[in-house]
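*Asks:* Input file: model31.tsv. Contents: TSV, C-alpha atoms.
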```
chain	number	residue	atom	x	y	z
A	188	ASN	CA	-8.13	18.77	1.10
A	189	ALA	CA	-9.99	15.46	1.22
A	190	GLY	CA	-6.94	13.58	-0.10
A	191	VAL	CA	-7.88	10.31	-1.80
A	192	THR	CA	-11.53	9.30	-1.58
A	193	GLN	CA	-13.09	6.00	-2.57
A	194	THR	CA	-16.67	4.93	-3.03
A	195	PRO	CA	-18.33	2.73	-2.02
A	196	LYS	CA	-16.81	1.73	1.33
A	197	PHE	CA	-18.41	-1.69	1.23
A	198	GLN	CA	-20.20	-3.67	-1.47
A	199	VAL	CA	-21.70	-7.13	-1.81
A	200	LEU	CA	-22.10	-8.57	-5.30
A	201	LYS	CA	-23.38	-11.80	-6.73
A	202	THR	CA	-21.17	-13.73	-9.13
A	203	GLY	CA	-21.50	-12.29	-12.61
A	204	GLN	CA	-22.64	-8.83	-11.54
A	205	SER	CA	-20.69	-5.78	-12.61
A	206	MET	CA	-19.68	-2.72	-10.67
A	207	THR	CA	-17.35	0.27	-10.76
A	208	LEU	CA	-15.19	1.37	-7.85
A	209	GLN	CA	-14.66	5.12	-7.85
A	210	CYS	CA	-11.53	6.94	-6.76
A	211	ALA	CA	-10.78	10.65	-6.73
A	212	GLN	CA	-7.90	12.78	-5.46
A	213	ASP	CA	-7.75	16.52	-4.98
A	214	MET	CA	-3.97	16.87	-4.68
A	215	ASN	CA	-3.28	17.40	-8.37
A	216	HIS	CA	-1.20	14.22	-8.55
A	217	ASN	CA	-0.30	12.78	-11.91
A	218	SER	CA	0.00	9.12	-10.90
A	219	MET	CA	-2.82	6.98	-9.58
A	220	TYR	CA	-3.00	3.29	-8.66
A	221	TRP	CA	-5.43	0.50	-7.86
A	222	TYR	CA	-4.37	-2.29	-5.48
A	223	ARG	CA	-6.06	-5.26	-3.93
A	224	GLN	CA	-5.20	-6.61	-0.49
A	225	ASP	CA	-5.94	-10.19	0.49
A	226	PRO	CA	-5.35	-11.85	3.88
A	227	GLY	CA	-1.78	-13.03	4.33
A	228	MET	CA	-0.65	-11.37	1.12
A	229	GLY	CA	0.81	-8.01	0.38
A	230	LEU	CA	-0.90	-5.34	-1.62
A	231	ARG	CA	-0.90	-6.27	-5.30
A	232	LEU	CA	-1.02	-3.73	-8.08
A	233	ILE	CA	-3.95	-4.16	-10.46
A	234	TYR	CA	-3.54	-1.15	-12.76
A	235	TYR	CA	-1.88	2.21	-12.61
A	236	SER	CA	-2.03	5.47	-14.49
A	237	ALA	CA	1.10	7.58	-14.77
A	238	SER	CA	-0.81	10.54	-16.14
A	239	GLU	CA	-4.20	11.57	-17.45
A	240	GLY	CA	-5.02	9.55	-20.53
A	241	THR	CA	-2.64	6.66	-19.86
A	242	THR	CA	-3.17	3.37	-18.05
A	243	ASP	CA	-0.96	0.33	-17.61
A	244	LYS	CA	-1.41	-3.18	-16.28
A	245	GLY	CA	0.07	-4.14	-12.96
A	246	GLU	CA	0.68	-7.52	-11.41
A	247	VAL	CA	-2.94	-8.82	-11.37
A	248	PRO	CA	-5.02	-7.06	-14.08
A	249	ASN	CA	-7.18	-9.99	-15.24
A	250	GLY	CA	-10.89	-9.45	-14.65
A	251	TYR	CA	-10.54	-5.68	-14.26
A	252	ASN	CA	-10.66	-2.59	-16.42
A	253	VAL	CA	-9.79	0.98	-15.53
A	254	SER	CA	-10.55	4.46	-16.75
A	255	ARG	CA	-8.56	7.60	-16.03
A	256	LEU	CA	-11.46	9.93	-16.57
A	257	ASN	CA	-9.46	13.06	-15.85
A	258	LYS	CA	-6.57	14.02	-13.63
A	259	ARG	CA	-8.69	13.67	-10.48
A	260	GLU	CA	-10.52	10.42	-11.10
A	261	PHE	CA	-9.42	6.82	-11.67
A	262	SER	CA	-12.12	4.15	-11.69
A	263	LEU	CA	-11.86	0.36	-11.51
A	264	ARG	CA	-14.49	-1.78	-13.17
A	265	LEU	CA	-15.35	-5.42	-12.62
A	266	GLU	CA	-17.36	-6.53	-15.64
A	267	SER	CA	-18.35	-9.94	-14.31
A	268	ALA	CA	-17.47	-10.36	-10.64
A	269	ALA	CA	-16.09	-13.65	-9.38
A	270	PRO	CA	-15.67	-14.89	-5.78
A	271	SER	CA	-11.88	-14.70	-6.31
A	272	GLN	CA	-12.29	-10.93	-6.53
A	273	THR	CA	-13.46	-10.73	-2.93
A	274	SER	CA	-10.87	-8.42	-1.46
A	275	VAL	CA	-10.17	-4.98	-0.09
A	276	TYR	CA	-9.38	-2.52	-2.85
A	277	PHE	CA	-7.18	0.49	-2.29
A	278	CYS	CA	-6.73	3.44	-4.59
A	279	ALA	CA	-3.64	5.62	-4.25
A	280	SER	CA	-2.10	8.65	-5.85
A	281	SER	CA	1.50	9.77	-5.73
A	282	VAL	CA	3.70	12.78	-6.07
A	283	VAL	CA	7.42	13.01	-6.67
A	284	ASP	CA	9.35	15.73	-4.89
A	285	ARG	CA	12.90	16.30	-3.72
A	286	SER	CA	12.66	13.53	-1.15
A	287	GLY	CA	11.28	11.04	-3.65
A	288	GLU	CA	7.89	9.56	-4.38
A	289	THR	CA	5.18	9.55	-1.70
A	290	GLN	CA	1.98	7.58	-2.12
A	291	TYR	CA	-1.31	8.62	-0.55
A	292	PHE	CA	-3.89	5.91	-0.02
A	293	GLY	CA	-7.65	6.02	0.04
A	294	PRO	CA	-9.60	4.37	2.88
A	295	GLY	CA	-10.32	1.22	0.88
A	296	THR	CA	-13.38	-0.52	-0.52
A	297	ARG	CA	-14.29	-3.88	0.97
A	298	LEU	CA	-15.85	-6.07	-1.74
A	299	LEU	CA	-17.57	-9.40	-1.13
A	300	VAL	CA	-18.55	-11.51	-4.13
A	301	LEU	CA	-20.94	-14.33	-3.35
B	150	LYS	CA	9.58	-16.98	-3.31
B	151	ASN	CA	8.14	-13.51	-2.75
B	152	GLU	CA	10.09	-10.68	-4.29
B	153	VAL	CA	9.72	-8.68	-1.09
B	154	GLU	CA	10.00	-10.58	2.18
B	155	GLN	CA	9.41	-9.20	5.63
B	156	SER	CA	10.28	-10.59	9.04
B	157	PRO	CA	8.90	-11.22	11.47
B	158	GLN	CA	5.30	-11.74	10.37
B	159	ASN	CA	4.04	-10.96	13.86
B	160	LEU	CA	5.74	-9.12	16.68
B	161	THR	CA	4.57	-8.45	20.21
B	162	ALA	CA	6.49	-6.02	22.39
B	163	GLN	CA	6.17	-4.30	25.73
B	164	GLU	CA	5.80	-0.55	25.81
B	165	GLY	CA	9.20	1.11	25.72
B	166	GLU	CA	10.98	-1.67	23.85
B	167	PHE	CA	13.13	-1.08	20.77
B	168	ILE	CA	11.51	-2.65	17.69
B	169	THR	CA	13.16	-3.83	14.49
B	170	ILE	CA	11.29	-4.98	11.39
B	171	ASN	CA	13.25	-6.34	8.46
B	172	CYS	CA	12.68	-6.31	4.72
B	173	SER	CA	14.65	-8.20	2.07
B	174	TYR	CA	13.98	-7.87	-1.62
B	175	SER	CA	15.09	-9.53	-4.82
B	176	VAL	CA	13.74	-7.07	-7.39
B	177	GLY	CA	15.63	-4.17	-8.86
B	178	ILE	CA	15.13	-1.01	-6.92
B	179	SER	CA	14.63	2.65	-7.54
B	180	ALA	CA	13.04	3.25	-4.16
B	181	LEU	CA	11.89	1.39	-1.08
B	182	HIS	CA	8.87	2.48	0.92
B	183	TRP	CA	7.75	1.75	4.45
B	184	LEU	CA	4.01	2.05	5.04
B	185	GLN	CA	1.87	1.79	8.16
B	186	GLN	CA	-1.59	0.25	8.06
B	187	HIS	CA	-3.72	1.15	11.04
B	188	PRO	CA	-6.10	-1.34	12.67
B	189	GLY	CA	-8.96	0.46	10.93
B	190	GLY	CA	-7.37	-0.28	7.56
B	191	GLY	CA	-6.01	3.12	6.57
B	192	ILE	CA	-2.54	3.14	4.99
B	193	VAL	CA	-0.01	5.89	5.54
B	194	SER	CA	3.37	6.32	3.89
B	195	LEU	CA	6.16	6.55	6.49
B	196	PHE	CA	9.40	6.66	4.49
B	197	MET	CA	10.80	6.54	1.00
B	198	LEU	CA	14.42	5.43	0.85
B	199	SER	CA	16.87	5.01	-1.96
B	200	SER	CA	20.01	4.99	0.18
B	201	GLY	CA	21.28	5.47	3.71
B	202	LYS	CA	19.02	6.29	6.61
B	203	LYS	CA	16.02	8.45	7.46
B	204	LYS	CA	14.53	9.44	10.80
B	205	HIS	CA	11.10	10.80	11.69
B	206	GLY	CA	10.54	11.15	15.40
B	207	ARG	CA	10.88	7.69	16.98
B	208	LEU	CA	11.01	5.93	13.62
B	209	ILE	CA	14.26	5.19	11.81
B	210	ALA	CA	14.58	3.46	8.45
B	211	THR	CA	17.80	2.18	6.94
B	212	ILE	CA	18.63	0.57	3.65
B	213	ASN	CA	21.63	-1.39	2.39
B	214	ILE	CA	21.44	-1.47	-1.39
B	215	GLN	CA	24.28	-3.98	-1.79
B	216	GLU	CA	22.64	-6.47	0.59
B	217	LYS	CA	19.11	-5.66	-0.69
B	218	HIS	CA	17.90	-5.19	2.85
B	219	SER	CA	16.06	-2.52	4.80
B	220	SER	CA	15.13	-2.20	8.44
B	221	LEU	CA	12.50	-0.14	10.21
B	222	HIS	CA	13.25	0.66	13.84
B	223	ILE	CA	10.90	2.08	16.43
B	224	THR	CA	12.46	3.48	19.57
B	225	ALA	CA	10.56	3.72	22.87
B	226	SER	CA	7.58	1.82	21.42
B	227	HIS	CA	4.09	2.78	22.48
B	228	PRO	CA	0.71	1.01	22.18
B	229	ARG	CA	-0.32	3.54	19.53
B	230	ASP	CA	2.47	2.10	17.33
B	231	SER	CA	0.41	-1.10	17.05
B	232	ALA	CA	-0.24	-1.54	13.34
B	233	VAL	CA	0.83	-3.52	10.30
B	234	TYR	CA	4.07	-2.25	8.79
B	235	ILE	CA	4.52	-2.86	5.09
B	236	CYS	CA	7.66	-2.74	2.99
B	237	ALA	CA	7.29	-1.96	-0.71
B	238	VAL	CA	9.86	-1.98	-3.48
B	239	ASP	CA	8.88	-0.51	-6.83
B	240	MET	CA	5.18	-1.43	-6.51
B	241	ARG	CA	5.91	-4.88	-5.08
B	242	PHE	CA	4.71	-5.23	-1.49
B	243	GLY	CA	5.69	-7.43	1.39
B	244	ALA	CA	2.98	-9.27	3.31
B	245	GLY	CA	3.43	-6.96	6.27
B	246	THR	CA	4.54	-7.27	9.89
B	247	ARG	CA	1.79	-7.07	12.49
B	248	LEU	CA	3.14	-5.21	15.54
B	249	THR	CA	1.34	-5.24	18.88
B	250	VAL	CA	2.75	-3.09	21.66
B	251	LYS	CA	1.36	-3.91	25.07
B	252	PRO	CA	1.19	-1.33	27.87
```
Could you render the structure as structure tokens?

*Replies:*
Amino acid sequence: NAGVTQTPKFQVLKTGQSMTLQCAQDMNHNSMYWYRQDPGMGLRLIYYSASEGTTDKGEVPNGYNVSRLNKREFSLRLESAAPSQTSVYFCASSVVDRSGETQYFGPGTRLLVL
Amino acid sequence: KNEVEQSPQNLTAQEGEFITINCSYSVGISALHWLQQHPGGGIVSLFMLSSGKKKHGRLIATINIQEKHSSLHITASHPRDSAVYICAVDMRFGAGTRLTVKP
């Protein structure tokens, strides 16, 4: 299993450009998440999807949209990138079992907006 | 005030030392997670706790629900334990504790 994969690994955008960050998981997990991580701050939840066909806003959704294309894929779109969106973006999926919920993280996408 | 606070922010230890990282939270809780972020950036889930104590190898995590506090302990620390350790409570994350273990 590849686990959680993200593309691209690194991207540079100019202010106002748009792009989509891709995330896929092959573990048949229902829940998927998008986070951003900024220096000196904890991970912050942008959007999550509890199941295929549903999405919900997290702590910092402004400037982003998401699509849960199917059970495997959860994409994050920046329609008009701003320098404040320079960050490292992590996708995660989770499973709940007898011991509780475990999240599995992708390797991250480093985004620089000039 | 952050809803999830960790201390210390940075910690340097000598190999073999006993390490304690603390997490206090003010949000309601269904579960608390400890994560490890490697120097390369990858994030791995270490523990999920809703009560009591869990142990995996040299790592021990405890939680006190009444005091809204959790600790992560590392026994016999090793340089390969050097990483950022992150506490998370119901999708709210602490800023992390950067641990450096020197040989």

*Asks:* Rounded to one decimal in Å, what is the spacing between atom CA of A:Leu208 and atom CA of A:Glu260?

*Replies:*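 Spanning atom CA of A:Leu208 to atom CA of A:Glu260 is a straight-line distance of 10.7 Å.
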
*Asks:* In terms of the shortest atom-to-atom distance over only C-alpha atoms, which of A:Val283, A:Tyr291, A:Val275, A:Pro270 is closest to A:Asp213?

*Replies:*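 For A:Asp213, the nearest of the given residues is A:Tyr291.
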
*Asks:* Distance atom CA of B:Met197-atom CA of A:Tyr220, one decimal place?

*Replies:*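 Atom CA of A:Tyr220 lies 17.2 Å from atom CA of B:Met197.
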
*Asks:* Between atom CA of B:Asn171 and atom CA of A:Val247, what is the spacing in Å?

*Replies:* 25.7 Å

*Asks:* Hey, can you pull every residue with an atom no more than 9 Å from (-3.3, 3.7, -1.7), using all atoms listed in the file, and send it as a list in words?

*Replies:*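 Nearby residues: Val191, Met219, Tyr220, Trp221, Tyr222, Tyr276, Phe277, Cys278, Ala279, Ser280, Ser281, Gln290, Tyr291, Phe292, Gly293, Pro294 and Gly295 of chain A; Gly191, Ile192 and Val193 of chain B.
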
*Asks:* Of the candidates A:Ser254, A:Thr241, A:Gln272, A:Thr207, which one gets nearest to A:Gln224 if we count all atoms listed in the file?

*Replies:*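 Looking at the shortest contact to A:Gln224, the residue is A:Gln272.
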
*Asks:* Enumerate as a list of chain:residue names the residues belonging to chain B that approach chain A to within 9 Å, with only C-alpha atoms taken into account.

*Replies:* B:Ala180, B:His182, B:Gly189, B:Gly190, B:Gly191, B:Ile192, B:Val193, B:Ser194, B:Leu195, B:Phe196, B:Met197, B:Leu198, B:Ser199, B:Ile235, B:Ala237, B:Met240, B:Arg241, B:Phe242, B:Gly243, B:Ala244, B:Gly245

*Asks:* Where atoms are absent from stretch 217-233 of chain A, fill them in so it carries N, CA, C and O atoms, then output it as a PDB file, keeping the file's coordinate frame.

*Replies:*
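Wrote rebuild23.pdb, looks like this:
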```pdb
ATOM      1  N   ASN A 217      -0.247  13.381 -10.587  1.00  0.00           N
ATOM      2  CA  ASN A 217      -0.300  12.780 -11.910  1.00  0.00           C
ATOM      3  C   ASN A 217      -0.578  11.278 -11.863  1.00  0.00           C
ATOM      4  O   ASN A 217      -1.327  10.740 -12.662  1.00  0.00           O
ATOM      5  N   SER A 218       0.061  10.595 -10.918  1.00  0.00           N
ATOM      6  CA  SER A 218       0.000   9.120 -10.900  1.00  0.00           C
ATOM      7  C   SER A 218      -1.086   8.625  -9.947  1.00  0.00           C
ATOM      8  O   SER A 218      -1.236   9.140  -8.838  1.00  0.00           O
ATOM      9  N   MET A 219      -1.797   7.610 -10.404  1.00  0.00           N
ATOM     10  CA  MET A 219      -2.820   6.980  -9.580  1.00  0.00           C
ATOM     11  C   MET A 219      -2.740   5.469  -9.751  1.00  0.00           C
ATOM     12  O   MET A 219      -2.275   4.976 -10.781  1.00  0.00           O
ATOM     13  N   TYR A 220      -3.190   4.742  -8.725  1.00  0.00           N
ATOM     14  CA  TYR A 220      -3.000   3.290  -8.660  1.00  0.00           C
ATOM     15  C   TYR A 220      -4.249   2.614  -8.090  1.00  0.00           C
ATOM     16  O   TYR A 220      -4.947   3.194  -7.257  1.00  0.00           O
ATOM     17  N   TRP A 221      -4.455   1.370  -8.498  1.00  0.00           N
ATOM     18  CA  TRP A 221      -5.430   0.500  -7.860  1.00  0.00           C
ATOM     19  C   TRP A 221      -4.707  -0.759  -7.378  1.00  0.00           C
ATOM     20  O   TRP A 221      -3.980  -1.409  -8.142  1.00  0.00           O
ATOM     21  N   TYR A 222      -4.934  -1.093  -6.088  1.00  0.00           N
ATOM     22  CA  TYR A 222      -4.370  -2.290  -5.480  1.00  0.00           C
ATOM     23  C   TYR A 222      -5.490  -3.133  -4.892  1.00  0.00           C
ATOM     24  O   TYR A 222      -6.538  -2.616  -4.532  1.00  0.00           O
ATOM     25  N   ARG A 223      -5.196  -4.416  -4.740  1.00  0.00           N
ATOM     26  CA  ARG A 223      -6.060  -5.260  -3.930  1.00  0.00           C
ATOM     27  C   ARG A 223      -5.229  -5.846  -2.790  1.00  0.00           C
ATOM     28  O   ARG A 223      -4.016  -6.055  -2.936  1.00  0.00           O
ATOM     29  N   GLN A 224      -5.883  -6.055  -1.657  1.00  0.00           N
ATOM     30  CA  GLN A 224      -5.200  -6.610  -0.490  1.00  0.00           C
ATOM     31  C   GLN A 224      -5.986  -7.809   0.004  1.00  0.00           C
ATOM     32  O   GLN A 224      -7.170  -7.694   0.345  1.00  0.00           O
ATOM     33  N   ASP A 225      -5.328  -8.953   0.055  1.00  0.00           N
ATOM     34  CA  ASP A 225      -5.940 -10.190   0.490  1.00  0.00           C
ATOM     35  C   ASP A 225      -5.230 -10.684   1.746  1.00  0.00           C
ATOM     36  O   ASP A 225      -4.031 -10.436   1.924  1.00  0.00           O
ATOM     37  N   PRO A 226      -5.952 -11.393   2.609  1.00  0.00           N
ATOM     38  CA  PRO A 226      -5.350 -11.850   3.880  1.00  0.00           C
ATOM     39  C   PRO A 226      -4.069 -12.637   3.639  1.00  0.00           C
ATOM     40  O   PRO A 226      -4.018 -13.526   2.787  1.00  0.00           O
ATOM     41  N   GLY A 227      -3.045 -12.302   4.414  1.00  0.00           N
ATOM     42  CA  GLY A 227      -1.780 -13.030   4.330  1.00  0.00           C
ATOM     43  C   GLY A 227      -0.932 -12.666   3.136  1.00  0.00           C
ATOM     44  O   GLY A 227       0.168 -13.195   2.972  1.00  0.00           O
ATOM     45  N   MET A 228      -1.427 -11.768   2.297  1.00  0.00           N
ATOM     46  CA  MET A 228      -0.650 -11.370   1.120  1.00  0.00           C
ATOM     47  C   MET A 228      -0.441  -9.860   1.153  1.00  0.00           C
ATOM     48  O   MET A 228      -1.201  -9.125   1.768  1.00  0.00           O
ATOM     49  N   GLY A 229       0.594  -9.435   0.487  1.00  0.00           N
ATOM     50  CA  GLY A 229       0.810  -8.010   0.380  1.00  0.00           C
ATOM     51  C   GLY A 229      -0.151  -7.366  -0.589  1.00  0.00           C
ATOM     52  O   GLY A 229      -0.879  -8.041  -1.318  1.00  0.00           O
ATOM     53  N   LEU A 230      -0.156  -6.072  -0.600  1.00  0.00           N
ATOM     54  CA  LEU A 230      -0.900  -5.340  -1.620  1.00  0.00           C
ATOM     55  C   LEU A 230      -0.378  -5.748  -3.004  1.00  0.00           C
ATOM     56  O   LEU A 230       0.829  -5.907  -3.203  1.00  0.00           O
ATOM     57  N   ARG A 231      -1.298  -5.927  -3.927  1.00  0.00           N
ATOM     58  CA  ARG A 231      -0.900  -6.270  -5.300  1.00  0.00           C
ATOM     59  C   ARG A 231      -1.472  -5.225  -6.243  1.00  0.00           C
ATOM     60  O   ARG A 231      -2.647  -4.880  -6.160  1.00  0.00           O
ATOM     61  N   LEU A 232      -0.640  -4.781  -7.154  1.00  0.00           N
ATOM     62  CA  LEU A 232      -1.020  -3.730  -8.080  1.00  0.00           C
ATOM     63  C   LEU A 232      -1.877  -4.306  -9.195  1.00  0.00           C
ATOM     64  O   LEU A 232      -1.481  -5.260  -9.866  1.00  0.00           O
ATOM     65  N   ILE A 233      -3.045  -3.697  -9.412  1.00  0.00           N
ATOM     66  CA  ILE A 233      -3.950  -4.160 -10.460  1.00  0.00           C
ATOM     67  C   ILE A 233      -3.683  -3.366 -11.739  1.00  0.00           C
ATOM     68  O   ILE A 233      -3.389  -3.933 -12.789  1.00  0.00           O
TER      69      ILE A 233
END
```
